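Trainee: Sending over run.txt (compact mmCIF, C-alpha atoms and all ligand atoms).
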```
# COMPACT_ATOMS: atom_id res chain seq x y z
CA MET Y 1 -222.88 168.91 -173.11
CA PRO Y 2 -220.17 171.07 -171.48
CA ASN Y 3 -216.84 171.13 -173.31
CA ASP Y 4 -215.04 170.18 -170.12
CA LEU Y 5 -216.17 166.62 -169.35
CA ARG Y 6 -214.87 167.05 -165.78
CA LYS Y 7 -217.88 169.23 -165.07
CA LEU Y 8 -220.37 166.46 -165.84
CA PRO Y 9 -221.96 165.13 -162.62
CA VAL Y 10 -221.70 161.54 -163.88
CA LEU Y 11 -217.88 161.82 -164.00
CA GLN Y 12 -217.43 163.56 -160.64
CA GLN Y 13 -216.46 160.47 -158.63
CA HIS Y 14 -213.06 158.74 -158.56
CA PHE Y 15 -213.00 155.50 -160.57
CA ASP Y 16 -210.59 152.82 -159.35
CA ARG Y 17 -211.31 150.15 -161.92
CA VAL Y 18 -211.87 151.24 -165.47
CA VAL Y 19 -212.78 148.85 -168.30
CA VAL Y 20 -212.47 150.16 -171.87
CA LEU Y 21 -214.05 148.20 -174.73
CA THR Y 22 -212.90 149.31 -178.16
CA GLY Y 23 -214.43 148.52 -181.56
CA ALA Y 24 -213.65 149.17 -185.19
CA GLY Y 25 -214.52 152.88 -184.81
CA ILE Y 26 -211.37 153.58 -182.78
CA SER Y 27 -209.22 152.49 -185.72
CA ALA Y 28 -211.34 154.21 -188.39
CA GLU Y 29 -209.38 157.47 -188.13
CA SER Y 30 -206.16 155.50 -188.66
CA GLY Y 31 -207.57 154.41 -192.02
CA VAL Y 32 -208.80 150.90 -191.10
CA ALA Y 33 -212.30 150.36 -192.53
CA THR Y 34 -215.06 149.56 -190.02
CA PHE Y 35 -217.33 146.62 -190.34
CA ARG Y 36 -220.94 147.56 -190.69
CA ASP Y 37 -220.80 151.07 -192.01
CA SER Y 38 -221.52 149.83 -195.51
CA GLY Y 39 -224.48 147.62 -194.60
CA GLY Y 40 -223.14 144.27 -193.37
CA LEU Y 41 -220.12 144.26 -195.64
CA TRP Y 42 -216.51 144.27 -194.51
CA GLU Y 43 -214.34 145.89 -197.18
CA GLY Y 44 -216.93 144.89 -199.78
CA HIS Y 45 -217.18 141.23 -198.72
CA ARG Y 46 -220.20 139.37 -197.35
CA ILE Y 47 -219.73 138.48 -193.70
CA GLU Y 48 -220.82 134.85 -194.28
CA GLU Y 49 -218.03 134.40 -196.81
CA VAL Y 50 -215.12 135.83 -194.86
CA ALA Y 51 -216.09 135.72 -191.19
CA THR Y 52 -217.59 132.28 -190.55
CA PRO Y 53 -216.03 128.79 -190.24
CA GLU Y 54 -218.40 127.66 -193.04
CA GLY Y 55 -217.05 130.38 -195.33
CA PHE Y 56 -213.47 129.25 -194.61
CA ASN Y 57 -214.29 125.56 -195.24
CA ALA Y 58 -216.03 126.46 -198.50
CA ASP Y 59 -213.16 128.53 -199.89
CA PRO Y 60 -210.08 128.74 -197.63
CA GLN Y 61 -207.99 130.39 -200.32
CA LYS Y 62 -210.43 133.28 -200.67
CA VAL Y 63 -210.64 133.76 -196.91
CA HIS Y 64 -206.83 133.72 -196.63
CA GLN Y 65 -206.65 136.36 -199.36
CA PHE Y 66 -209.12 138.55 -197.49
CA TYR Y 67 -207.16 138.42 -194.20
CA ASN Y 68 -203.83 138.68 -196.04
CA ALA Y 69 -205.02 142.00 -197.44
CA ARG Y 70 -206.14 143.16 -193.97
CA ARG Y 71 -202.78 142.04 -192.49
CA ARG Y 72 -200.79 143.85 -195.20
CA GLN Y 73 -202.82 147.00 -194.56
CA LEU Y 74 -201.50 147.10 -190.98
CA SER Y 75 -198.08 148.24 -192.20
CA GLU Y 76 -199.71 151.24 -193.89
CA VAL Y 77 -201.58 152.58 -190.86
CA GLU Y 78 -200.53 154.18 -187.58
CA PRO Y 79 -202.16 154.44 -184.15
CA ASN Y 80 -204.17 157.64 -183.65
CA PRO Y 81 -204.56 159.86 -180.55
CA ALA Y 82 -207.31 157.58 -179.16
CA HIS Y 83 -204.98 154.54 -179.11
CA LEU Y 84 -202.18 156.71 -177.70
CA ALA Y 85 -204.40 158.10 -174.92
CA LEU Y 86 -205.25 154.56 -173.78
CA ALA Y 87 -201.57 153.56 -173.74
CA HIS Y 88 -200.74 156.72 -171.78
CA PHE Y 89 -203.53 156.00 -169.28
CA GLU Y 90 -202.21 152.45 -168.76
CA GLN Y 91 -198.67 153.77 -168.20
CA ASN Y 92 -199.84 156.39 -165.69
CA HIS Y 93 -202.35 154.17 -163.93
CA PRO Y 94 -201.09 150.59 -164.07
CA SER Y 95 -203.61 148.16 -162.60
CA ARG Y 96 -206.47 150.64 -162.98
CA LEU Y 97 -207.31 149.74 -166.59
CA THR Y 98 -208.56 146.61 -168.35
CA LEU Y 99 -208.47 147.10 -172.12
CA ILE Y 100 -210.72 144.81 -174.15
CA THR Y 101 -210.83 145.11 -177.93
CA GLN Y 102 -213.02 143.59 -180.61
CA ASN Y 103 -210.41 144.74 -183.11
CA VAL Y 104 -208.05 142.36 -184.81
CA ASP Y 105 -205.53 145.06 -185.75
CA ASP Y 106 -202.45 145.75 -183.61
CA LEU Y 107 -202.83 149.52 -183.21
CA HIS Y 108 -203.26 149.36 -179.41
CA GLU Y 109 -199.98 147.47 -179.04
CA ARG Y 110 -198.19 149.79 -181.45
CA ALA Y 111 -199.46 152.79 -179.46
CA GLY Y 112 -197.78 151.25 -176.38
CA SER Y 113 -200.56 149.33 -174.61
CA ASN Y 114 -199.01 146.30 -172.94
CA CYS Y 115 -202.08 144.41 -171.86
CA VAL Y 116 -204.84 144.07 -174.47
CA LEU Y 117 -207.53 141.39 -174.41
CA HIS Y 118 -208.15 140.65 -178.11
CA MET Y 119 -211.50 138.93 -177.71
CA HIS Y 120 -211.91 138.39 -181.47
CA GLY Y 121 -208.32 137.31 -182.18
CA GLU Y 122 -205.51 139.02 -184.05
CA LEU Y 123 -204.54 139.44 -187.69
CA ARG Y 124 -200.88 138.95 -186.86
CA SER Y 125 -201.51 135.49 -185.43
CA ALA Y 126 -202.23 132.13 -187.09
CA LEU Y 127 -204.11 129.29 -185.41
CA CYS Y 128 -203.38 125.64 -186.21
CA GLN Y 129 -206.59 123.66 -186.64
CA SER Y 130 -204.75 120.39 -185.86
CA CYS Y 131 -202.82 121.18 -182.66
CA GLU Y 132 -204.51 124.49 -181.70
CA VAL Y 133 -201.19 126.27 -181.28
CA LYS Y 134 -201.16 130.01 -182.01
CA ILE Y 135 -198.20 131.28 -183.99
CA ARG Y 136 -197.22 134.91 -184.51
CA HIS Y 137 -197.51 135.46 -188.24
CA LEU Y 138 -196.65 138.70 -190.02
CA GLY Y 139 -196.79 137.75 -193.70
CA ASP Y 140 -199.39 136.18 -195.96
CA LEU Y 141 -201.00 132.85 -195.04
CA THR Y 142 -201.75 130.18 -197.66
CA VAL Y 143 -203.46 126.79 -197.64
CA THR Y 144 -200.08 125.07 -197.96
CA ASP Y 145 -198.33 126.79 -195.04
CA ILE Y 146 -197.08 124.29 -192.47
CA CYS Y 147 -197.60 124.56 -188.71
CA SER Y 148 -194.19 124.87 -187.01
CA ASN Y 149 -195.47 122.77 -184.10
CA CYS Y 150 -197.17 119.77 -185.75
CA SER Y 151 -196.10 120.14 -189.41
CA ASN Y 152 -199.67 119.93 -190.75
CA PRO Y 153 -200.82 122.38 -193.44
CA THR Y 154 -203.77 123.39 -191.26
CA LEU Y 155 -203.18 127.04 -190.41
CA ARG Y 156 -206.09 129.48 -190.38
CA PRO Y 157 -206.30 133.15 -189.44
CA ASP Y 158 -206.49 133.47 -185.63
CA ILE Y 159 -209.76 135.35 -185.90
CA VAL Y 160 -212.87 134.50 -183.88
CA TRP Y 161 -215.55 134.10 -186.54
CA PHE Y 162 -219.31 134.30 -186.15
CA GLY Y 163 -220.53 131.18 -184.36
CA GLU Y 164 -217.22 130.75 -182.46
CA MET Y 165 -216.46 131.44 -178.80
CA PRO Y 166 -214.68 134.75 -178.13
CA TYR Y 167 -211.40 134.62 -176.21
CA PHE Y 168 -210.86 135.74 -172.59
CA LEU Y 169 -214.54 135.61 -171.61
CA ASP Y 170 -213.76 134.62 -167.98
CA GLU Y 171 -211.30 137.50 -167.49
CA ILE Y 172 -213.67 139.87 -169.24
CA THR Y 173 -216.67 138.90 -167.10
CA GLU Y 174 -214.58 139.28 -163.93
CA ALA Y 175 -213.44 142.75 -165.07
CA LEU Y 176 -217.00 143.81 -165.92
CA ILE Y 177 -218.52 142.77 -162.61
CA THR Y 178 -215.75 144.43 -160.58
CA CYS Y 179 -215.30 147.67 -162.53
CA ASP Y 180 -216.76 150.99 -161.49
CA LEU Y 181 -216.53 152.57 -164.96
CA LEU Y 182 -217.08 151.02 -168.39
CA ILE Y 183 -216.20 153.04 -171.50
CA ALA Y 184 -217.24 151.63 -174.91
CA VAL Y 185 -215.50 153.34 -177.83
CA GLY Y 186 -216.33 153.05 -181.53
CA THR Y 187 -218.48 149.95 -181.38
CA SER Y 188 -221.88 149.60 -183.05
CA ALA Y 189 -222.97 147.33 -180.17
CA GLN Y 190 -224.51 144.81 -182.55
CA VAL Y 191 -222.19 141.85 -182.05
CA TYR Y 192 -222.80 139.71 -178.94
CA PRO Y 193 -221.43 139.02 -176.40
CA ALA Y 194 -219.64 142.39 -176.50
CA ALA Y 195 -222.96 144.15 -177.05
CA GLY Y 196 -224.12 142.85 -173.65
CA PHE Y 197 -221.06 144.04 -171.67
CA VAL Y 198 -222.71 147.34 -170.81
CA GLN Y 199 -225.65 145.53 -169.22
CA THR Y 200 -223.33 143.33 -167.13
CA ALA Y 201 -221.33 146.33 -165.92
CA ARG Y 202 -224.48 148.34 -165.14
CA GLU Y 203 -226.07 145.51 -163.19
CA SER Y 204 -222.90 145.42 -161.08
CA GLY Y 205 -223.23 149.13 -160.32
CA ALA Y 206 -220.72 150.61 -162.75
CA THR Y 207 -221.06 153.98 -164.45
CA THR Y 208 -221.23 153.46 -168.23
CA VAL Y 209 -220.06 155.82 -170.98
CA GLU Y 210 -219.99 155.39 -174.76
CA VAL Y 211 -217.92 157.35 -177.26
CA ASN Y 212 -219.21 157.19 -180.82
CA LEU Y 213 -219.79 159.37 -183.87
CA GLU Y 214 -223.51 158.79 -183.44
CA PRO Y 215 -225.98 157.23 -181.00
CA THR Y 216 -226.01 153.40 -181.16
CA ALA Y 217 -228.59 150.66 -180.61
CA ALA Y 218 -227.26 150.42 -177.03
CA SER Y 219 -227.18 154.15 -176.19
CA HIS Y 220 -230.04 153.84 -173.71
CA TRP Y 221 -227.90 151.49 -171.57
CA PHE Y 222 -225.22 154.15 -171.06
CA ASP Y 223 -225.25 156.85 -168.38
CA LEU Y 224 -223.47 159.15 -170.80
CA SER Y 225 -223.08 159.18 -174.60
CA VAL Y 226 -220.16 161.29 -175.78
CA ILE Y 227 -220.79 162.01 -179.44
CA GLY Y 228 -217.76 162.77 -181.62
CA PRO Y 229 -214.60 161.27 -183.08
CA ALA Y 230 -212.74 158.92 -180.77
CA SER Y 231 -209.40 160.64 -181.50
CA ILE Y 232 -210.70 163.80 -179.82
CA LYS Y 233 -213.30 162.57 -177.34
CA LEU Y 234 -211.45 159.64 -175.80
CA PRO Y 235 -208.30 161.64 -174.83
CA GLU Y 236 -210.59 164.29 -173.28
CA LEU Y 237 -212.55 161.68 -171.38
CA LEU Y 238 -209.47 159.83 -170.08
CA SER Y 239 -207.76 163.02 -168.98
CA SER Y 240 -210.90 164.00 -167.08
CA LEU Y 241 -210.44 160.77 -165.05
CA SER Y 242 -206.78 161.24 -164.30
CA ALA Y 243 -207.18 163.32 -161.17
P1 LIG S 1 -218.68 148.22 -186.34
O1 LIG S 1 -218.00 148.44 -187.65
O2 LIG S 1 -219.88 147.36 -186.30
O3 LIG S 1 -219.08 149.66 -185.75
C1 LIG S 1 -218.16 150.72 -185.77
C2 LIG S 1 -218.73 151.81 -184.88
O4 LIG S 1 -217.76 152.83 -184.75
C3 LIG S 1 -220.00 152.48 -185.44
O5 LIG S 1 -220.97 152.57 -184.39
C4 LIG S 1 -219.53 153.87 -185.86
O6 LIG S 1 -220.53 154.87 -185.66
C5 LIG S 1 -218.37 154.09 -184.90
N1 LIG S 1 -217.33 154.98 -185.41
C6 LIG S 1 -216.86 155.06 -186.69
N2 LIG S 1 -215.87 155.97 -186.75
C7 LIG S 1 -215.71 156.47 -185.49
C8 LIG S 1 -214.85 157.44 -184.91
N3 LIG S 1 -213.94 158.10 -185.65
N4 LIG S 1 -214.98 157.70 -183.59
C9 LIG S 1 -215.90 157.06 -182.83
N5 LIG S 1 -216.75 156.12 -183.32
C10 LIG S 1 -216.65 155.84 -184.64
O7 LIG S 1 -217.58 147.71 -185.34
P2 LIG S 1 -217.61 146.74 -184.08
O8 LIG S 1 -218.77 147.08 -183.22
O9 LIG S 1 -216.23 146.80 -183.53
O10 LIG S 1 -217.84 145.28 -184.69
C11 LIG S 1 -217.04 144.91 -185.77
C12 LIG S 1 -216.44 143.53 -185.74
O11 LIG S 1 -215.65 143.41 -186.93
C13 LIG S 1 -215.48 143.32 -184.61
O12 LIG S 1 -215.89 142.19 -183.97
C14 LIG S 1 -214.09 143.10 -185.25
O13 LIG S 1 -213.59 141.81 -184.94
C15 LIG S 1 -214.28 143.18 -186.73
N6 LIG S 1 -213.52 144.30 -187.36
C16 LIG S 1 -212.32 144.71 -186.85
C17 LIG S 1 -211.63 145.79 -187.42
C18 LIG S 1 -210.29 146.20 -186.82
O14 LIG S 1 -209.60 145.38 -186.25
N7 LIG S 1 -209.91 147.49 -186.89
C19 LIG S 1 -212.16 146.46 -188.51
C20 LIG S 1 -213.39 146.02 -189.02
C21 LIG S 1 -214.06 144.94 -188.43
ZN ZN S 2 -200.18 122.50 -185.54
```
As structure tokens, please, write out the structure in this file.

Mentor:
Amino acid sequence: MPNDLRKLPVLQQHFDRVVVLTGAGISAESGVATFRDSGGLWEGHRIEEVATPEGFNADPQKVHQFYNARRRQLSEVEPNPAHLALAHFEQNHPSRLTLITQNVDDLHERAGSNCVLHMHGELRSALCQSCEVKIRHLGDLTVTDICSNCSNPTLRPDIVWFGEMPYFLDEITEALITCDLLIAVGTSAQVYPAAGFVQTARESGATTVEVNLEPTAASHWFDLSVIGPASIKLPELLSSLSA
């Protein structure tokens, strides 16, 4: 692959509508652990225990502790050049970018991105199971915390768990079928529906590019696989589109 991505035939055209899907890999270089790299464990925990509604019902205190630790970790990490490049692209090309993330951290926002579709929810948000209100929440959550809207002690992490419906699916589908370029960054492409986004974009005629440390299960769906760390490869790729 040439060093200058601008020389690649697949990137020669002008792209008006760019969709970027980010996964845990974009935050890995900031020090946030990814999900699957250690064989279906997230920070040493079984997915069924900490990322399903059944796991929460079985032991809400344990699940709160898990997300409390993830939420506390956010104050120890900083956005990296991949997050910053996306914020810069949005500032220079407003209305050209739709940013979708599977991540529950807030590194895109802290890099300066103003419009981020958090399809799997956010660590710094709590969801009331009684009144369904979402409340910005920076500290720890416990089973006795009271909802400021309905006063019930029914707050849970505002995380979309396995078996639950991701957020923003209508906006995301609309963006995928109208984009002319989809870039997937740092996602193992194993979790649906996000894993199917590349197929939707392709069927609608978009060019598709992935950025990952290694080929993924979905690599054959992409017109171009850029192999390398997101902090280096994504800024290069986005600047090659800026013309
Ligand atoms: P994943 O952990 O399944 O896959 C991470 C992918 O990133 C892998 O393919 C890996 O090769 C790649 N990667 C690792 N380091 C990279 C780097 N420096 N540059 C480029 N690529 C790199 O992640 P996923 O596909 O996003 O699915 C994980 C799910 O778990 C998400 O739905 C998310 O909600 C949750 N999660 C979120 C966070 C977070 O918010 N930062 C962290 C862990 C898990
Ligand atoms: Zn409530």

Trainee: Once you count all atoms listed in the file, which residues end up within 6 Å of ligand LIG 1 (chain S), and could you hand them over as an MDAnalysis selection string?

Mentor: chainID Y and resid 23:29 32:37 102:105 120 186:189 211:214 229:230

Trainee: Using atom CA of Leu181 of chain Y and atom CA of Gly163 of chain Y as the two end points, give the distance in Å to one decimal.

Mentor: 29.2 Å

Trainee: Kindly give the distance, in Å, that separates atom CA of Thr154 of chain Y and atom CA of Glu48 of chain Y, rounded to a single decimal.

Mentor: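 Taking atom CA of Thr154 of chain Y and atom CA of Glu48 of chain Y, their separation equals 20.8 Å.
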
Trainee: Record the distance separating atom CA of Glu43 of chain Y and atom CA of Asn68 of chain Y, expressed in Å with one decimal.

Mentor: 12.8 Å

Trainee: Neighbours of Asp170 of chain Y within 12 Å (only C-alpha atoms; same-chain residues fewer than 5 positions away dropped), as a PyMOL selection string?

Mentor: chain Y and resi 117+119+165+175-177

Trainee: From the list Y:Pro60, Y:Ala51, Y:Pro81, Y:Ser151, which residue is nearest Lys233 of chain Y when using all atoms listed in the file?

Mentor: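 Using all atoms listed in the file, Lys233 of chain Y sits closest to Y:Pro81.
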
Trainee: At a cut-off of 6 Å and counting all atoms listed in the file, what residues surround ligand ZN 2 (chain S)? Please answer as a ChimeraX atom specification.

Mentor: /Y:128,130-131,133,147,149-150,152

Trainee: Which polymer residues have any atom within 12 Å of an atom of Thr142 of chain Y, counting only C-alpha atoms, with same-chain residues fewer than 3 positions away left out, as a list in words?

Mentor: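 In the requested format, the answer is Asp59, Pro60, Gln61, Lys62, Val63, His64, Gln65, Phe66, Tyr67, Asn68, Ala126, His137, Gly139, Asp145, Ile146, Cys147, Pro153, Thr154, Leu155, Arg156 and Pro157 of chain Y.
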
Trainee: Which one is closest to Arg72 of chain Y: Y:Asp140, Y:Glu122, Y:Glu109, Y:Glu49? Count only C-alpha atoms.

Mentor: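 Once distances to Arg72 of chain Y are computed over only C-alpha atoms, the minimum belongs to Y:Asp140.
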
Trainee: Considering only C-alpha atoms, can you say which of Y:Pro193, Y:Pro94, Y:Gly31, Y:Pro53 comes closest to Arg17 of chain Y?

Mentor: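 Of Y:Pro193, Y:Pro94, Y:Gly31, Y:Pro53, the one nearest Arg17 of chain Y is Y:Pro94, counting only C-alpha atoms.
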